[in-house]
file structure-v1.pdb (PDB, C-alpha atoms)
ATOM      1  CA  MET A   1      30.818 -23.531 -31.363
ATOM      2  CA  LYS A   2      31.685 -22.636 -27.761
ATOM      3  CA  ARG A   3      31.872 -18.979 -28.792
ATOM      4  CA  ILE A   4      28.247 -18.843 -29.988
ATOM      5  CA  PRO A   5      26.652 -18.444 -26.504
ATOM      6  CA  TRP A   6      29.090 -15.606 -25.739
ATOM      7  CA  ILE A   7      28.177 -13.882 -29.002
ATOM      8  CA  PHE A   8      24.463 -14.099 -28.164
ATOM      9  CA  LEU A   9      25.162 -12.773 -24.649
ATOM     10  CA  PHE A  10      27.133  -9.825 -26.048
ATOM     11  CA  ILE A  11      24.358  -8.977 -28.543
ATOM     12  CA  SER A  12      21.684  -9.204 -25.819
ATOM     13  CA  LEU A  13      23.633  -6.937 -23.476
ATOM     14  CA  SER A  14      24.286  -4.423 -26.256
ATOM     15  CA  VAL A  15      20.592  -4.235 -27.149
ATOM     16  CA  SER A  16      19.650  -3.901 -23.473
ATOM     17  CA  VAL A  17      22.132  -1.071 -22.829
ATOM     18  CA  ALA A  18      21.049   0.783 -25.979
ATOM     19  CA  GLY A  19      17.432   0.467 -24.905
ATOM     20  CA  GLN A  20      18.149   1.759 -21.416
ATOM     21  CA  ARG A  21      19.938   4.799 -22.837
ATOM     22  CA  ASN A  22      16.683   5.692 -24.572
ATOM     23  CA  ALA A  23      14.576   5.059 -21.468
ATOM     24  CA  ASP A  24      13.239   7.294 -18.707
ATOM     25  CA  TYR A  25      11.846   6.088 -15.396
ATOM     26  CA  GLY A  26       9.367   8.074 -13.366
ATOM     27  CA  ILE A  27       7.143   8.407 -10.343
ATOM     28  CA  PHE A  28       3.887  10.344 -10.293
ATOM     29  CA  GLY A  29       2.016  12.004  -7.462
ATOM     30  CA  GLY A  30      -1.125  14.106  -7.456
ATOM     31  CA  VAL A  31      -4.888  13.780  -7.287
ATOM     32  CA  SER A  32      -7.640  11.923  -9.122
ATOM     33  CA  SER A  33     -11.227  12.994  -9.700
ATOM     34  CA  TYR A  34     -14.454  11.732 -11.212
ATOM     35  CA  PHE A  35     -16.981  12.749 -13.892
ATOM     36  CA  GLY A  36     -20.346  11.085 -14.208
ATOM     37  CA  ASP A  37     -23.968  11.158 -13.142
ATOM     38  CA  ILE A  38     -23.161  12.984  -9.915
ATOM     39  CA  ASN A  39     -20.567  15.366 -11.370
ATOM     40  CA  PRO A  40     -21.213  16.168 -15.044
ATOM     41  CA  SER A  41     -19.042  19.284 -15.376
ATOM     42  CA  ARG A  42     -16.543  20.217 -12.628
ATOM     43  CA  LEU A  43     -12.951  19.655 -13.768
ATOM     44  CA  VAL A  44     -11.320  18.860 -10.412
ATOM     45  CA  TYR A  45     -14.207  17.720  -8.252
ATOM     46  CA  SER A  46     -13.595  16.131  -4.809
ATOM     47  CA  PRO A  47      -9.947  15.287  -5.548
ATOM     48  CA  LEU A  48      -8.373  12.339  -3.734
ATOM     49  CA  PRO A  49      -4.689  11.295  -3.566
ATOM     50  CA  ALA A  50      -3.268   9.468  -6.565
ATOM     51  CA  GLY A  51       0.131   8.100  -7.488
ATOM     52  CA  GLY A  52       2.017   5.641  -9.614
ATOM     53  CA  VAL A  53       5.063   4.769 -11.662
ATOM     54  CA  PHE A  54       5.841   4.930 -15.374
ATOM     55  CA  TYR A  55       8.411   3.910 -17.968
ATOM     56  CA  ARG A  56       9.096   5.889 -21.142
ATOM     57  CA  TYR A  57      10.954   4.725 -24.243
ATOM     58  CA  ASN A  58      12.159   7.637 -26.381
ATOM     59  CA  PHE A  59      12.224   6.896 -30.088
ATOM     60  CA  HIS A  60      13.141  10.486 -30.904
ATOM     61  CA  PRO A  61      13.335  13.835 -29.041
ATOM     62  CA  ARG A  62       9.726  14.446 -30.148
ATOM     63  CA  HIS A  63       8.270  10.913 -29.991
ATOM     64  CA  ALA A  64       8.036   8.452 -27.101
ATOM     65  CA  LEU A  65       5.970   5.558 -25.811
ATOM     66  CA  ARG A  66       5.009   5.544 -22.125
ATOM     67  CA  ALA A  67       3.586   2.767 -19.958
ATOM     68  CA  ASN A  68       2.149   3.644 -16.566
ATOM     69  CA  VAL A  69       0.566   2.028 -13.524
ATOM     70  CA  PHE A  70      -1.530   4.556 -11.564
ATOM     71  CA  LEU A  71      -3.783   4.255  -8.532
ATOM     72  CA  GLY A  72      -6.246   6.861  -7.303
ATOM     73  CA  GLY A  73      -9.365   7.433  -5.267
ATOM     74  CA  LEU A  74     -12.685   8.677  -6.636
ATOM     75  CA  LYS A  75     -15.757   9.963  -4.839
ATOM     76  CA  GLY A  76     -18.947  11.897  -5.413
ATOM     77  CA  ASN A  77     -21.930  13.166  -3.446
ATOM     78  CA  ASP A  78     -25.165  14.641  -4.807
ATOM     79  CA  LEU A  79     -25.348  16.959  -1.816
ATOM     80  CA  ASP A  80     -22.315  18.850  -3.155
ATOM     81  CA  PHE A  81     -24.624  20.251  -5.872
ATOM     82  CA  ASN A  82     -27.455  22.718  -5.436
ATOM     83  CA  ASN A  83     -29.986  21.519  -8.023
ATOM     84  CA  SER A  84     -33.190  20.010  -6.677
ATOM     85  CA  PHE A  85     -32.821  16.758  -8.663
ATOM     86  CA  GLN A  86     -29.567  15.835  -6.903
ATOM     87  CA  GLN A  87     -30.608  17.175  -3.537
ATOM     88  CA  THR A  88     -33.605  14.825  -3.687
ATOM     89  CA  ARG A  89     -31.629  11.836  -5.004
ATOM     90  CA  ALA A  90     -28.831  12.290  -2.395
ATOM     91  CA  ALA A  91     -26.620   9.545  -3.851
ATOM     92  CA  SER A  92     -22.949   9.176  -2.926
ATOM     93  CA  PHE A  93     -20.028   6.799  -3.503
ATOM     94  CA  SER A  94     -16.293   6.355  -2.977
ATOM     95  CA  SER A  95     -13.908   3.985  -4.715
ATOM     96  CA  VAL A  96     -10.328   3.128  -5.571
ATOM     97  CA  THR A  97      -9.341   2.746  -9.232
ATOM     98  CA  GLY A  98      -6.139   1.256 -10.597
ATOM     99  CA  GLU A  99      -4.950   1.735 -14.153
ATOM    100  CA  PHE A 100      -2.453   0.245 -16.576
ATOM    101  CA  ALA A 101      -2.109   2.283 -19.767
ATOM    102  CA  VAL A 102       0.214   2.803 -22.717
ATOM    103  CA  GLN A 103       0.325   6.209 -24.419
ATOM    104  CA  PHE A 104       2.149   7.659 -27.396
ATOM    105  CA  GLU A 105       3.691  11.025 -26.508
ATOM    106  CA  PHE A 106       4.407  13.908 -28.841
ATOM    107  CA  ASN A 107       6.720  16.718 -27.680
ATOM    108  CA  PHE A 108       6.057  20.057 -29.379
ATOM    109  CA  LEU A 109       9.756  20.936 -28.955
ATOM    110  CA  PRO A 110      12.763  18.585 -29.123
ATOM    111  CA  TYR A 111      13.285  17.326 -25.578
ATOM    112  CA  THR A 112      15.204  14.701 -23.602
ATOM    113  CA  THR A 113      16.083  14.409 -19.925
ATOM    114  CA  ALA A 114      19.718  14.303 -21.066
ATOM    115  CA  GLY A 115      19.421  17.858 -22.394
ATOM    116  CA  LYS A 116      20.538  21.132 -20.876
ATOM    117  CA  LEU A 117      19.223  22.516 -17.604
ATOM    118  CA  TRP A 118      15.795  24.188 -18.004
ATOM    119  CA  ASP A 119      15.181  22.773 -21.478
ATOM    120  CA  TRP A 120      11.425  22.302 -21.724
ATOM    121  CA  SER A 121       8.560  21.297 -23.980
ATOM    122  CA  PRO A 122       4.772  21.076 -23.886
ATOM    123  CA  TYR A 123       3.475  17.628 -24.837
ATOM    124  CA  PHE A 124       0.349  15.664 -25.678
ATOM    125  CA  ALA A 125      -0.303  11.941 -25.236
ATOM    126  CA  ALA A 126      -3.019   9.432 -26.095
ATOM    127  CA  GLY A 127      -3.338   5.671 -26.044
ATOM    128  CA  ALA A 128      -5.214   2.743 -24.530
ATOM    129  CA  GLY A 129      -5.458   1.093 -21.161
ATOM    130  CA  VAL A 130      -7.343  -0.985 -18.632
ATOM    131  CA  ALA A 131      -8.932   0.253 -15.397
ATOM    132  CA  VAL A 132      -9.559  -1.950 -12.368
ATOM    133  CA  ILE A 133     -12.557  -0.415 -10.599
ATOM    134  CA  ASN A 134     -13.482  -1.194  -7.002
ATOM    135  CA  SER A 135     -16.658   0.811  -6.544
ATOM    136  CA  ALA A 136     -20.339  -0.127  -6.461
ATOM    137  CA  THR A 137     -19.174  -3.340  -8.127
ATOM    138  CA  PHE A 138     -15.731  -4.728  -8.948
ATOM    139  CA  SER A 139     -15.004  -4.439 -12.661
ATOM    140  CA  VAL A 140     -12.174  -4.401 -15.199
ATOM    141  CA  GLN A 141     -12.852  -1.995 -18.051
ATOM    142  CA  PRO A 142     -11.030  -0.623 -21.136
ATOM    143  CA  VAL A 143     -10.183   3.079 -21.081
ATOM    144  CA  ILE A 144      -8.839   5.629 -23.553
ATOM    145  CA  PRO A 145      -6.361   7.997 -21.862
ATOM    146  CA  PHE A 146      -5.673  11.547 -23.080
ATOM    147  CA  SER A 147      -2.974  13.610 -21.372
ATOM    148  CA  GLY A 148      -1.257  16.947 -21.777
ATOM    149  CA  GLY A 149       1.354  18.877 -19.889
ATOM    150  CA  ILE A 150       4.799  20.386 -19.814
ATOM    151  CA  LYS A 151       8.251  18.875 -19.202
ATOM    152  CA  VAL A 152      11.332  20.697 -17.913
ATOM    153  CA  ASN A 153      14.846  19.566 -16.995
ATOM    154  CA  ILE A 154      15.707  20.377 -13.376
ATOM    155  CA  HIS A 155      19.034  18.539 -12.984
ATOM    156  CA  LYS A 156      21.443  16.375 -14.923
ATOM    157  CA  ASN A 157      19.413  13.476 -16.356
ATOM    158  CA  MET A 158      16.322  14.504 -14.340
ATOM    159  CA  GLY A 159      13.087  16.138 -15.399
ATOM    160  CA  LEU A 160       9.879  17.399 -13.867
ATOM    161  CA  GLU A 161       6.471  17.089 -15.556
ATOM    162  CA  LEU A 162       3.139  18.734 -14.834
ATOM    163  CA  GLU A 163       0.305  16.710 -16.358
ATOM    164  CA  TYR A 164      -3.481  16.645 -16.528
ATOM    165  CA  GLY A 165      -5.137  13.634 -18.113
ATOM    166  CA  PHE A 166      -8.682  12.463 -18.864
ATOM    167  CA  ARG A 167      -9.700   8.820 -19.072
ATOM    168  CA  LYS A 168     -12.702   7.978 -21.235
ATOM    169  CA  THR A 169     -14.390   4.793 -20.073
ATOM    170  CA  PHE A 170     -17.126   2.641 -21.537
ATOM    171  CA  TYR A 171     -18.639   2.051 -18.115
ATOM    172  CA  ASP A 172     -21.502   3.778 -16.319
ATOM    173  CA  ASN A 173     -21.400   2.368 -12.808
ATOM    174  CA  PHE A 174     -18.540   4.019 -10.924
ATOM    175  CA  ASP A 175     -21.180   5.731  -8.822
ATOM    176  CA  GLY A 176     -23.852   3.023  -8.802
ATOM    177  CA  LEU A 177     -26.164   5.289 -10.843
ATOM    178  CA  LYS A 178     -26.333   3.620 -14.215
ATOM    179  CA  ASP A 179     -28.191   5.865 -16.689
ATOM    180  CA  MET A 180     -29.522   8.128 -13.944
ATOM    181  CA  VAL A 181     -28.740  11.658 -15.112
ATOM    182  CA  ASP A 182     -30.555  14.878 -14.428
ATOM    183  CA  PRO A 183     -33.111  15.324 -17.246
ATOM    184  CA  ALA A 184     -32.012  18.960 -17.528
ATOM    185  CA  ASP A 185     -28.408  17.935 -18.198
ATOM    186  CA  TYR A 186     -27.170  17.865 -21.801
ATOM    187  CA  ALA A 187     -25.451  14.535 -21.100
ATOM    188  CA  TRP A 188     -22.237  15.433 -22.948
ATOM    189  CA  LEU A 189     -20.686  12.504 -21.118
ATOM    190  CA  HIS A 190     -22.983  10.160 -23.069
ATOM    191  CA  ASN A 191     -23.923   8.557 -19.744
ATOM    192  CA  ASN A 192     -20.473   6.956 -19.336
ATOM    193  CA  ASP A 193     -18.281   7.809 -16.359
ATOM    194  CA  TRP A 194     -14.856   9.398 -16.756
ATOM    195  CA  TYR A 195     -11.977  10.024 -14.381
ATOM    196  CA  SER A 196      -8.862  12.162 -14.439
ATOM    197  CA  PHE A 197      -5.371  12.522 -12.970
ATOM    198  CA  LEU A 198      -3.665  15.818 -12.164
ATOM    199  CA  GLY A 199      -0.155  15.841 -10.768
ATOM    200  CA  ILE A 200       3.598  16.058 -11.053
ATOM    201  CA  GLY A 201       5.958  13.416 -12.379
ATOM    202  CA  LEU A 202       9.659  13.134 -11.590
ATOM    203  CA  THR A 203      11.688  11.406 -14.311
ATOM    204  CA  TRP A 204      15.277  10.273 -14.465
ATOM    205  CA  LYS A 205      17.603   8.577 -16.910
ATOM    206  CA  ILE A 206      20.021   5.937 -15.615
ATOM    207  CA  PHE A 207      22.359   6.323 -18.586
ATOM    208  CA  ASN A 208      23.700   9.766 -19.324
ATOM    209  CA  LYS A 209      22.355  10.592 -22.782
ATOM    210  CA  LEU A 210      20.189   9.627 -25.699
ATOM    211  CA  VAL A 211      22.527   7.991 -28.222
ATOM    212  CA  GLY A 212      22.641   9.825 -31.521
ATOM    213  CA  CYS A 213      20.119  12.394 -30.371
ATOM    214  CA  PRO A 214      19.676  14.881 -33.256
ATOM    215  CA  ALA A 215      18.239  17.596 -31.050
ATOM    216  CA  TYR A 216      21.500  18.502 -29.358
ATOM    217  CA  ASP A 217      24.968  19.441 -30.517
ATOM    218  CA  GLU A 218      27.445  17.662 -28.240
ATOM    219  CA  ASP A 219      30.163  20.214 -29.035
ATOM    220  CA  ASP A 220      28.375  23.316 -27.816
ATOM    221  CA  GLY A 221      25.382  21.854 -25.927
ATOM    222  CA  LYS A 222      22.880  24.008 -27.820
ATOM    223  CA  ARG A 223      19.475  22.780 -28.849
ATOM    224  CA  ARG A 224      19.038  22.399 -32.615
ATOM    225  CA  ARG A 225      15.834  23.456 -34.350
TER
END

call {"tool": "encode", "arguments": {"input": "structure-v1.pdb", "output": "structure tokens"}}
result
Amino acid sequence: MKRIPWIFLFISLSVSVAGQRNADYGIFGGVSSYFGDINPSRLVYSPLPAGGVFYRYNFHPRHALRANVFLGGLKGNDLDFNNSFQQTRAASFSSVTGEFAVQFEFNFLPYTTAGKLWDWSPYFAAGAGVAVINSATFSVQPVIPFSGGIKVNIHKNMGLELEYGFRKTFYDNFDGLKDMVDPADYAWLHNNDWYSFLGIGLTWKIFNKLVGCPAYDEDDGKRRR
């Protein structure tokens, strides 16, 4: 009976180590920007600094699940636009938005940070999250994140990622202008505000390789297709 706790401890440690071998850790830095009543169309409008951390669990060289905590600034000013409607309205705002999100990632090529130097893959991600908005009012809102980018290995167990991601919200008061769009606008945003992140992520793997990874041949180090 005295051996039972040791058996449970051994199993727990084994599961933990196996999980960490499949895990990547990362930091993100870049800019955030806003879409809404003030800015209905510009992709990177009035960018402000953004950053955060993320954790990725790799199920397979093409499939992973990523959790992130990001923080970024957002701002807008009607006077940045030349149309008479906004010049007359002259509204402006600035805010800080935090986000916790989980996204499923799909790599178009087999990829791990334990692969060979300069291995790379484009990727796409989508999921669900929660935004904490400190703007005209303080609010916690659900968001749907969409992201795309490219990953490349730059060192042993280290990768670099360039990513651009949209966040669809169900909230129309980032800017304090609820349902106040230019009548000439086609309102493709459906009167809800969006925000985005553009930046670079640095990832690393604490353990040296993905166990049983089918994308690489350990004898010759070549990527399998």

call {"tool": "atom_distance", "arguments": {"input": "structure-v1.pdb", "atom1": "CA of Thr137 (chain A)", "atom2": "CA of Lys168 (chain A)"}}
result
18.5 Å

call {"tool": "resolve_selection", "arguments": {"input": "structure-v1.pdb", "expression": "the PyMOL selection byres ((chain A and resi 148) around 10)", "output": "ChimeraX atom specification"}}
result
/A:105-107,122-126,146-147,149-150,161-166,198

call {"tool": "resolve_selection", "arguments": {"input": "structure-v1.pdb", "expression": "the PyMOL selection byres ((chain A and resi 135) around 7)", "output": "list of chain:residue names"}}
result
A:Ser94, A:Ser95, A:Val96, A:Ile133, A:Asn134, A:Ala136, A:Thr137, A:Phe138, A:Phe174

call {"tool": "resolve_selection", "arguments": {"input": "structure-v1.pdb", "expression": "the PyMOL selection byres ((chain A and resi 52-61) around 7)", "output": "list of chain:residue names"}}
result
A:Asn22, A:Ala23, A:Asp24, A:Tyr25, A:Gly26, A:Ile27, A:Phe28, A:Gly29, A:Gly51, A:Arg62, A:His63, A:Ala64, A:Leu65, A:Arg66, A:Ala67, A:Asn68, A:Val69, A:Phe70, A:Leu71, A:Pro110, A:Tyr111, A:Thr112, A:Ala215

call {"tool": "atom_distance", "arguments": {"input": "structure-v1.pdb", "atom1": "CA of Trp194 (chain A)", "atom2": "CA of Ser84 (chain A)"}}
result
23.5 Å

call {"tool": "atom_distance", "arguments": {"input": "structure-v1.pdb", "atom1": "CA of Pro145 (chain A)", "atom2": "CA of Arg167 (chain A)"}}
result
4.4 Å

call {"tool": "closest_residue", "arguments": {"input": "structure-v1.pdb", "among": "A:Ala50, A:Leu79, A:Ala131, A:Met158", "to": "Gly199 (chain A)", "atoms": "all atoms listed in the file"}}
result
A:Ala50

call {"tool": "axis_aligned_box", "arguments": {"input": "structure-v1.pdb", "around": "region 97-100 of chain A", "padding_each_side": "6 Å", "output": "lines of an AutoDock Vina configuration file"}}
result
center_x = -5.9
center_y = 1.5
center_z = -12.9
size_x = 18.9
size_y = 14.5
size_z = 19.3

call {"tool": "closest_residue", "arguments": {"input": "structure-v1.pdb", "among": "A:Val152, A:Leu74, A:Val143, A:Val132", "to": "Ala101 (chain A)", "atoms": "only C-alpha atoms"}}
result
A:Val143
